[in-house]
Amino acid sequence: MMMYIDPFLDTITVEYRRYREDRNPARATSWQWKLRNLVWSTLAPSFSYQVTKYFPIKAVRYFLINMYNRLKSLVLVIGVRGDNTLDTAQMIRYPEKATNSRYTFSIWAFPEEEYIRNLRAYFRFCHEYYQSWGYRPNMMHVGYRINKDTSSLFSYSFGGHVMTFDPVSTGDAGWEQFLIAYNDFCSRHGGSPLFNQSNSLTRWQVEKAFGDRLDIFEGYRKRYDPAERLLNVYFKQLLG
């Protein structure tokens with residue numbers, strides 16, 4: 001399950017996939033995913049980039065972004081549907097050289113049973129941050145439902161099923177500062193970051209999220225990488 005989340009429109013559009021064994025793969029379609037991928041990976045970030053660049057007045061900029069997000073949700077709800085589609089077609093192949101449609105994001109996950117409470121608090125946080133600092137991510141947020149996974153020590157669903165809310169941006173001015181506040185909010189509300197895709201983390205946030213698993217990992221790391229050839233500066237600061 002994937003969600004398109006918009007705190008400023010107070011809406012969530014859910015992309016839900018059902019797996020049925022009685023469907024014939026040879027008759028499956030893929031156009032639905034091509035439409036979705038065109039909107040999400042190209043049209044949406046390109047529009048947000050252009051609007052942010054050419055409309056410095058924030059009231060105008062975010063009015064246009066809100067209207068576009070309403071239209072995008074309508075297109076997704078009406079167009080992206082089918083009884084028998086190819087799951088692999090949902091994967092997006094990004095260009096090797098970035099264009100004006102590039103975007104970035106950060107991910108934290110929360111226990112499934114506490115998700116709605118935390119999501120409502122996050123909506124309030126986004127509004128309060130915008131009122132205080134005049135910044136909001138210029139694309140829709142997204143979210144996912146992830147099954148419990150203990151195969152990795154740093155799995156963000158190590159303790160059970162989780163759901164996420166992930167801000168997305170073209171990387172405009174104010175994004176990095178927003179992430180610092182976003183990380184603080186998520187950590188205080190019991191979230192766990194996706195370690196390799198959550199920027200601007202602190203050692204305290206990592207300790208709170210992963211606990212004793214940090215010590216277990218450090219034991220393995222010292223054993224298999226005693227010269228620290230694979231430990232870069234960023235993770236050295238977080239792993240201690």
# chains A, B, ... in the order shown; residues from 1 in each chain; ligands from 1
$ residues_around --residues "Ile65 in chain A" --least-positions-apart "6" --cutoff "12 Å" --atoms "only C-alpha atoms" --output "compact mmCIF listing (two decimals) with C-alpha atoms, in the first residue's frame"
# COMPACT_ATOMS: atom_id res chain seq x y z
CA ASP A 6 -1.07 16.27 1.59
CA PHE A 8 -2.21 21.29 3.47
CA LEU A 9 -5.20 19.85 1.62
CA ALA A 44 4.89 16.51 -10.57
CA PRO A 45 8.52 17.36 -9.68
CA SER A 46 9.01 19.36 -12.87
CA PHE A 47 5.89 21.42 -12.14
CA SER A 48 6.94 22.00 -8.52
CA TYR A 49 10.44 23.02 -9.59
CA GLN A 50 9.17 25.53 -12.14
CA VAL A 51 6.56 27.02 -9.83
CA THR A 52 9.07 27.38 -7.00
CA PHE A 55 6.74 32.39 -8.37
CA LYS A 58 4.55 32.10 -1.55
CA ALA A 59 0.79 32.61 -1.47
CA LEU A 71 -5.76 17.59 -10.08
CA LYS A 72 -3.08 14.95 -9.62
CA ARG A 136 6.69 23.64 3.35
CA PRO A 137 7.80 20.80 1.05
CA ASN A 138 6.77 21.70 -2.49
CA MET A 139 5.57 18.21 -3.43
CA MET A 140 3.10 15.77 -1.94
$ residues_around --residues "range 166-175 of chain A" --least-positions-apart "5" --cutoff "6 Å" --atoms "only C-alpha atoms" --output "PyMOL selection string"
chain A and resi 103-107+137-139+141-143
$ write_last_selection --atoms "N, CA and C atoms" --output "short mmCIF file (atom, residue, chain, number, x, y, z; two decimals), in the first residue's frame"
data_model
loop_
_atom_site.label_atom_id
_atom_site.label_comp_id
_atom_site.auth_asym_id
_atom_site.auth_seq_id
_atom_site.Cartn_x
_atom_site.Cartn_y
_atom_site.Cartn_z
N TYR A 103 13.93 14.93 -7.65
CA TYR A 103 13.36 15.25 -6.34
C TYR A 103 14.07 14.40 -5.28
N THR A 104 13.85 14.76 -4.04
CA THR A 104 14.48 14.06 -2.93
C THR A 104 13.45 13.87 -1.83
N PHE A 105 13.77 13.02 -0.86
CA PHE A 105 12.81 12.71 0.19
C PHE A 105 13.53 12.16 1.41
N SER A 106 12.80 12.02 2.49
CA SER A 106 13.34 11.42 3.71
C SER A 106 12.25 10.55 4.31
N ILE A 107 12.63 9.49 5.02
CA ILE A 107 11.66 8.47 5.45
C ILE A 107 11.82 8.11 6.92
N PRO A 137 7.35 21.57 2.21
CA PRO A 137 7.80 20.80 1.05
C PRO A 137 6.91 21.10 -0.16
N ASN A 138 7.53 21.26 -1.33
CA ASN A 138 6.77 21.70 -2.49
C ASN A 138 6.22 20.56 -3.34
N MET A 139 6.24 19.34 -2.79
CA MET A 139 5.57 18.21 -3.43
C MET A 139 4.72 17.50 -2.39
N HIS A 141 3.59 14.65 0.14
CA HIS A 141 4.25 13.63 0.93
C HIS A 141 3.77 12.26 0.43
N VAL A 142 4.53 11.23 0.75
CA VAL A 142 4.08 9.87 0.46
C VAL A 142 4.20 9.03 1.72
N GLY A 143 3.63 7.84 1.67
CA GLY A 143 3.73 6.92 2.80
C GLY A 143 3.56 5.50 2.32
#
$ select_by_dssp --residues "range 8-77 of chain A" --states "alpha helix (DSSP H)" --output "NGL selection string"
:A and (31-38 or 44-54 or 58-77)
$ write_last_selection --atoms "N, CA and C atoms" --output "short mmCIF file (atom, residue, chain, number, x, y, z; two decimals), in the first residue's frame"
data_model
loop_
_atom_site.label_atom_id
_atom_site.label_comp_id
_atom_site.auth_asym_id
_atom_site.auth_seq_id
_atom_site.Cartn_x
_atom_site.Cartn_y
_atom_site.Cartn_z
N TRP A 31 -0.30 -0.13 -18.46
CA TRP A 31 -0.47 1.29 -18.76
C TRP A 31 -0.80 2.11 -17.52
N GLN A 32 -1.46 1.47 -16.54
CA GLN A 32 -1.80 2.19 -15.32
C GLN A 32 -0.55 2.68 -14.59
N TRP A 33 0.43 1.79 -14.53
CA TRP A 33 1.67 2.16 -13.84
C TRP A 33 2.47 3.17 -14.65
N LYS A 34 2.42 3.07 -15.96
CA LYS A 34 3.12 4.05 -16.79
C LYS A 34 2.54 5.44 -16.57
N LEU A 35 1.22 5.53 -16.44
CA LEU A 35 0.58 6.81 -16.17
C LEU A 35 0.99 7.33 -14.80
N ARG A 36 0.91 6.47 -13.82
CA ARG A 36 1.32 6.86 -12.46
C ARG A 36 2.76 7.32 -12.41
N ASN A 37 3.65 6.57 -13.04
CA ASN A 37 5.07 6.91 -13.02
C ASN A 37 5.36 8.21 -13.77
N LEU A 38 4.62 8.45 -14.85
CA LEU A 38 4.80 9.70 -15.58
C LEU A 38 4.44 10.89 -14.70
N ALA A 44 5.06 15.86 -11.87
CA ALA A 44 4.89 16.51 -10.57
C ALA A 44 6.15 17.25 -10.12
N PRO A 45 7.33 16.61 -10.11
CA PRO A 45 8.52 17.36 -9.68
C PRO A 45 8.90 18.49 -10.62
N SER A 46 8.70 18.30 -11.92
CA SER A 46 9.01 19.36 -12.87
C SER A 46 8.11 20.57 -12.64
N PHE A 47 6.82 20.32 -12.42
CA PHE A 47 5.89 21.42 -12.14
C PHE A 47 6.29 22.14 -10.86
N SER A 48 6.58 21.39 -9.80
CA SER A 48 6.94 22.00 -8.52
C SER A 48 8.22 22.81 -8.64
N TYR A 49 9.17 22.30 -9.39
CA TYR A 49 10.44 23.02 -9.59
C TYR A 49 10.19 24.35 -10.30
N GLN A 50 9.41 24.32 -11.37
CA GLN A 50 9.17 25.53 -12.14
C GLN A 50 8.37 26.56 -11.34
N VAL A 51 7.36 26.10 -10.63
CA VAL A 51 6.56 27.02 -9.83
C VAL A 51 7.39 27.65 -8.73
N THR A 52 8.22 26.85 -8.06
CA THR A 52 9.07 27.38 -7.00
C THR A 52 10.07 28.39 -7.55
N LYS A 53 10.57 28.15 -8.74
CA LYS A 53 11.57 29.02 -9.34
C LYS A 53 10.99 30.35 -9.82
N TYR A 54 9.80 30.33 -10.41
CA TYR A 54 9.28 31.51 -11.09
C TYR A 54 8.18 32.25 -10.32
N LYS A 58 4.91 33.44 -2.04
CA LYS A 58 4.55 32.10 -1.55
C LYS A 58 3.05 31.82 -1.62
N ALA A 59 2.24 32.83 -1.40
CA ALA A 59 0.79 32.61 -1.47
C ALA A 59 0.39 32.14 -2.87
N VAL A 60 0.98 32.73 -3.89
CA VAL A 60 0.69 32.33 -5.27
C VAL A 60 1.29 30.97 -5.56
N ARG A 61 2.54 30.79 -5.15
CA ARG A 61 3.24 29.52 -5.41
C ARG A 61 2.46 28.34 -4.85
N TYR A 62 2.08 28.42 -3.58
CA TYR A 62 1.45 27.27 -2.95
C TYR A 62 0.00 27.12 -3.35
N PHE A 63 -0.64 28.20 -3.79
CA PHE A 63 -1.97 28.07 -4.38
C PHE A 63 -1.89 27.21 -5.64
N LEU A 64 -0.91 27.49 -6.49
CA LEU A 64 -0.76 26.71 -7.71
C LEU A 64 -0.40 25.26 -7.40
N ILE A 65 0.47 25.05 -6.43
CA ILE A 65 0.85 23.69 -6.05
C ILE A 65 -0.35 22.94 -5.49
N ASN A 66 -1.16 23.61 -4.67
CA ASN A 66 -2.36 22.96 -4.12
C ASN A 66 -3.32 22.56 -5.23
N MET A 67 -3.53 23.46 -6.21
CA MET A 67 -4.44 23.14 -7.30
C MET A 67 -3.91 21.97 -8.13
N TYR A 68 -2.62 21.97 -8.35
CA TYR A 68 -2.02 20.87 -9.11
C TYR A 68 -2.15 19.55 -8.35
N ASN A 69 -1.96 19.59 -7.04
CA ASN A 69 -2.07 18.36 -6.25
C ASN A 69 -3.50 17.84 -6.25
N ARG A 70 -4.48 18.73 -6.25
CA ARG A 70 -5.87 18.29 -6.35
C ARG A 70 -6.11 17.59 -7.69
N LEU A 71 -5.60 18.18 -8.75
CA LEU A 71 -5.76 17.59 -10.08
C LEU A 71 -5.04 16.24 -10.16
N LYS A 72 -3.85 16.19 -9.59
CA LYS A 72 -3.08 14.95 -9.62
C LYS A 72 -3.81 13.83 -8.90
N SER A 73 -4.36 14.12 -7.73
CA SER A 73 -5.10 13.09 -6.99
C SER A 73 -6.30 12.61 -7.79
N LEU A 74 -6.99 13.54 -8.47
CA LEU A 74 -8.15 13.16 -9.27
C LEU A 74 -7.74 12.23 -10.41
N VAL A 75 -6.65 12.57 -11.09
CA VAL A 75 -6.17 11.73 -12.19
C VAL A 75 -5.78 10.35 -11.69
N LEU A 76 -5.10 10.29 -10.55
CA LEU A 76 -4.68 9.01 -10.01
C LEU A 76 -5.87 8.15 -9.61
N VAL A 77 -6.86 8.76 -8.96
CA VAL A 77 -8.03 8.00 -8.52
C VAL A 77 -8.83 7.46 -9.70
#
$ residues_around --residues "Gln237 in chain A" --least-positions-apart "3" --cutoff "9 Å" --atoms "only C-alpha atoms" --output "CSV table (one decimal) with C-alpha atoms, in the first residue's frame"
chain,number,residue,atom,x,y,z
A,202,THR,CA,21.8,12.8,15.1
A,203,ARG,CA,23.5,10.2,17.2
A,232,ASN,CA,32.7,6.6,6.2
A,233,VAL,CA,32.6,9.9,8.1
A,234,TYR,CA,28.8,10.2,8.1
A,240,GLY,CA,30.0,6.2,17.5
$ closest_residue --among "A:Arg213, A:Lys97, A:His189, A:Lys148" --to "Leu119 in chain A" --atoms "only C-alpha atoms"
A:His189
$ select_by_dssp --residues "range 31-233 of chain A" --states "strand (DSSP E)" --output "PyMOL selection string"
chain A and resi 104-105+108-111+141-146+162-164+168-169+192-193
$ write_last_selection --atoms "C-alpha atoms" --output "PDB file, in the first residue's frame"
ATOM      1  CA  THR A 104      14.484  14.062  -2.928  1.00  0.00           C
ATOM      2  CA  PHE A 105      12.806  12.712   0.195  1.00  0.00           C
ATOM      3  CA  TRP A 108      10.612   7.616   9.010  1.00  0.00           C
ATOM      4  CA  ALA A 109       8.341   4.729  10.000  1.00  0.00           C
ATOM      5  CA  PHE A 110       5.921   4.328  12.910  1.00  0.00           C
ATOM      6  CA  PRO A 111       4.198   1.318  14.499  1.00  0.00           C
ATOM      7  CA  HIS A 141       4.248  13.629   0.934  1.00  0.00           C
ATOM      8  CA  VAL A 142       4.082   9.870   0.457  1.00  0.00           C
ATOM      9  CA  GLY A 143       3.729   6.921   2.797  1.00  0.00           C
ATOM     10  CA  TYR A 144       3.994   3.144   2.754  1.00  0.00           C
ATOM     11  CA  ARG A 145       2.898   0.140   4.774  1.00  0.00           C
ATOM     12  CA  ILE A 146       5.862  -2.154   5.458  1.00  0.00           C
ATOM     13  CA  VAL A 162       4.984  -0.030  10.267  1.00  0.00           C
ATOM     14  CA  MET A 163       3.636   2.818   8.169  1.00  0.00           C
ATOM     15  CA  THR A 164       5.468   5.930   7.051  1.00  0.00           C
ATOM     16  CA  VAL A 168       9.186  15.017  -0.742  1.00  0.00           C
ATOM     17  CA  SER A 169      10.802  18.079  -2.286  1.00  0.00           C
ATOM     18  CA  SER A 192      12.485   4.811  13.199  1.00  0.00           C
ATOM     19  CA  PRO A 193      14.391   6.192  10.190  1.00  0.00           C
TER      20      PRO A 193
END
$ closest_residue --among "A:Glu228, A:Asn118, A:Phe123, A:Arg27" --to "Asp10 in chain A" --atoms "only C-alpha atoms"
A:Phe123
$ residues_around --residues "Val14 in chain A" --least-positions-apart "3" --cutoff "9 Å" --atoms "only C-alpha atoms" --output "MDAnalysis selection string"
chainID A and resid 1:5 77
$ write_last_selection --atoms "C-alpha atoms" --output "compact mmCIF listing (two decimals), in the first residue's frame"
# COMPACT_ATOMS: atom_id res chain seq x y z
CA MET A 1 0.00 0.00 0.00
CA MET A 2 1.28 3.44 -0.99
CA MET A 3 -0.23 6.74 0.11
CA TYR A 4 -0.06 10.22 -1.39
CA ILE A 5 -0.36 12.54 1.60
CA VAL A 77 -8.03 8.00 -8.52
$ residues_around --residues "Tyr19 in chain A" --least-positions-apart "4" --cutoff "12 Å" --atoms "only C-alpha atoms" --output "ChimeraX atom specification"
/A:1,23-25,83-87
$ atom_distance --atom1 "CA of Glu128 in chain A" --atom2 "CA of Phe178 in chain A"
11.8 Å
$ closest_residue --among "A:Leu179, A:Val206, A:Asn199, A:Gly211" --to "Gly159 in chain A" --atoms "only C-alpha atoms"
A:Gly211
$ closest_residue --among "A:Leu201, A:Leu231, A:Val80, A:Leu214" --to "Ala181 in chain A" --atoms "only C-alpha atoms"
A:Leu201
$ closest_residue --among "A:Gln90, A:Arg229, A:Arg81, A:Phe210" --to "Ser155 in chain A" --atoms "only C-alpha atoms"
A:Phe210
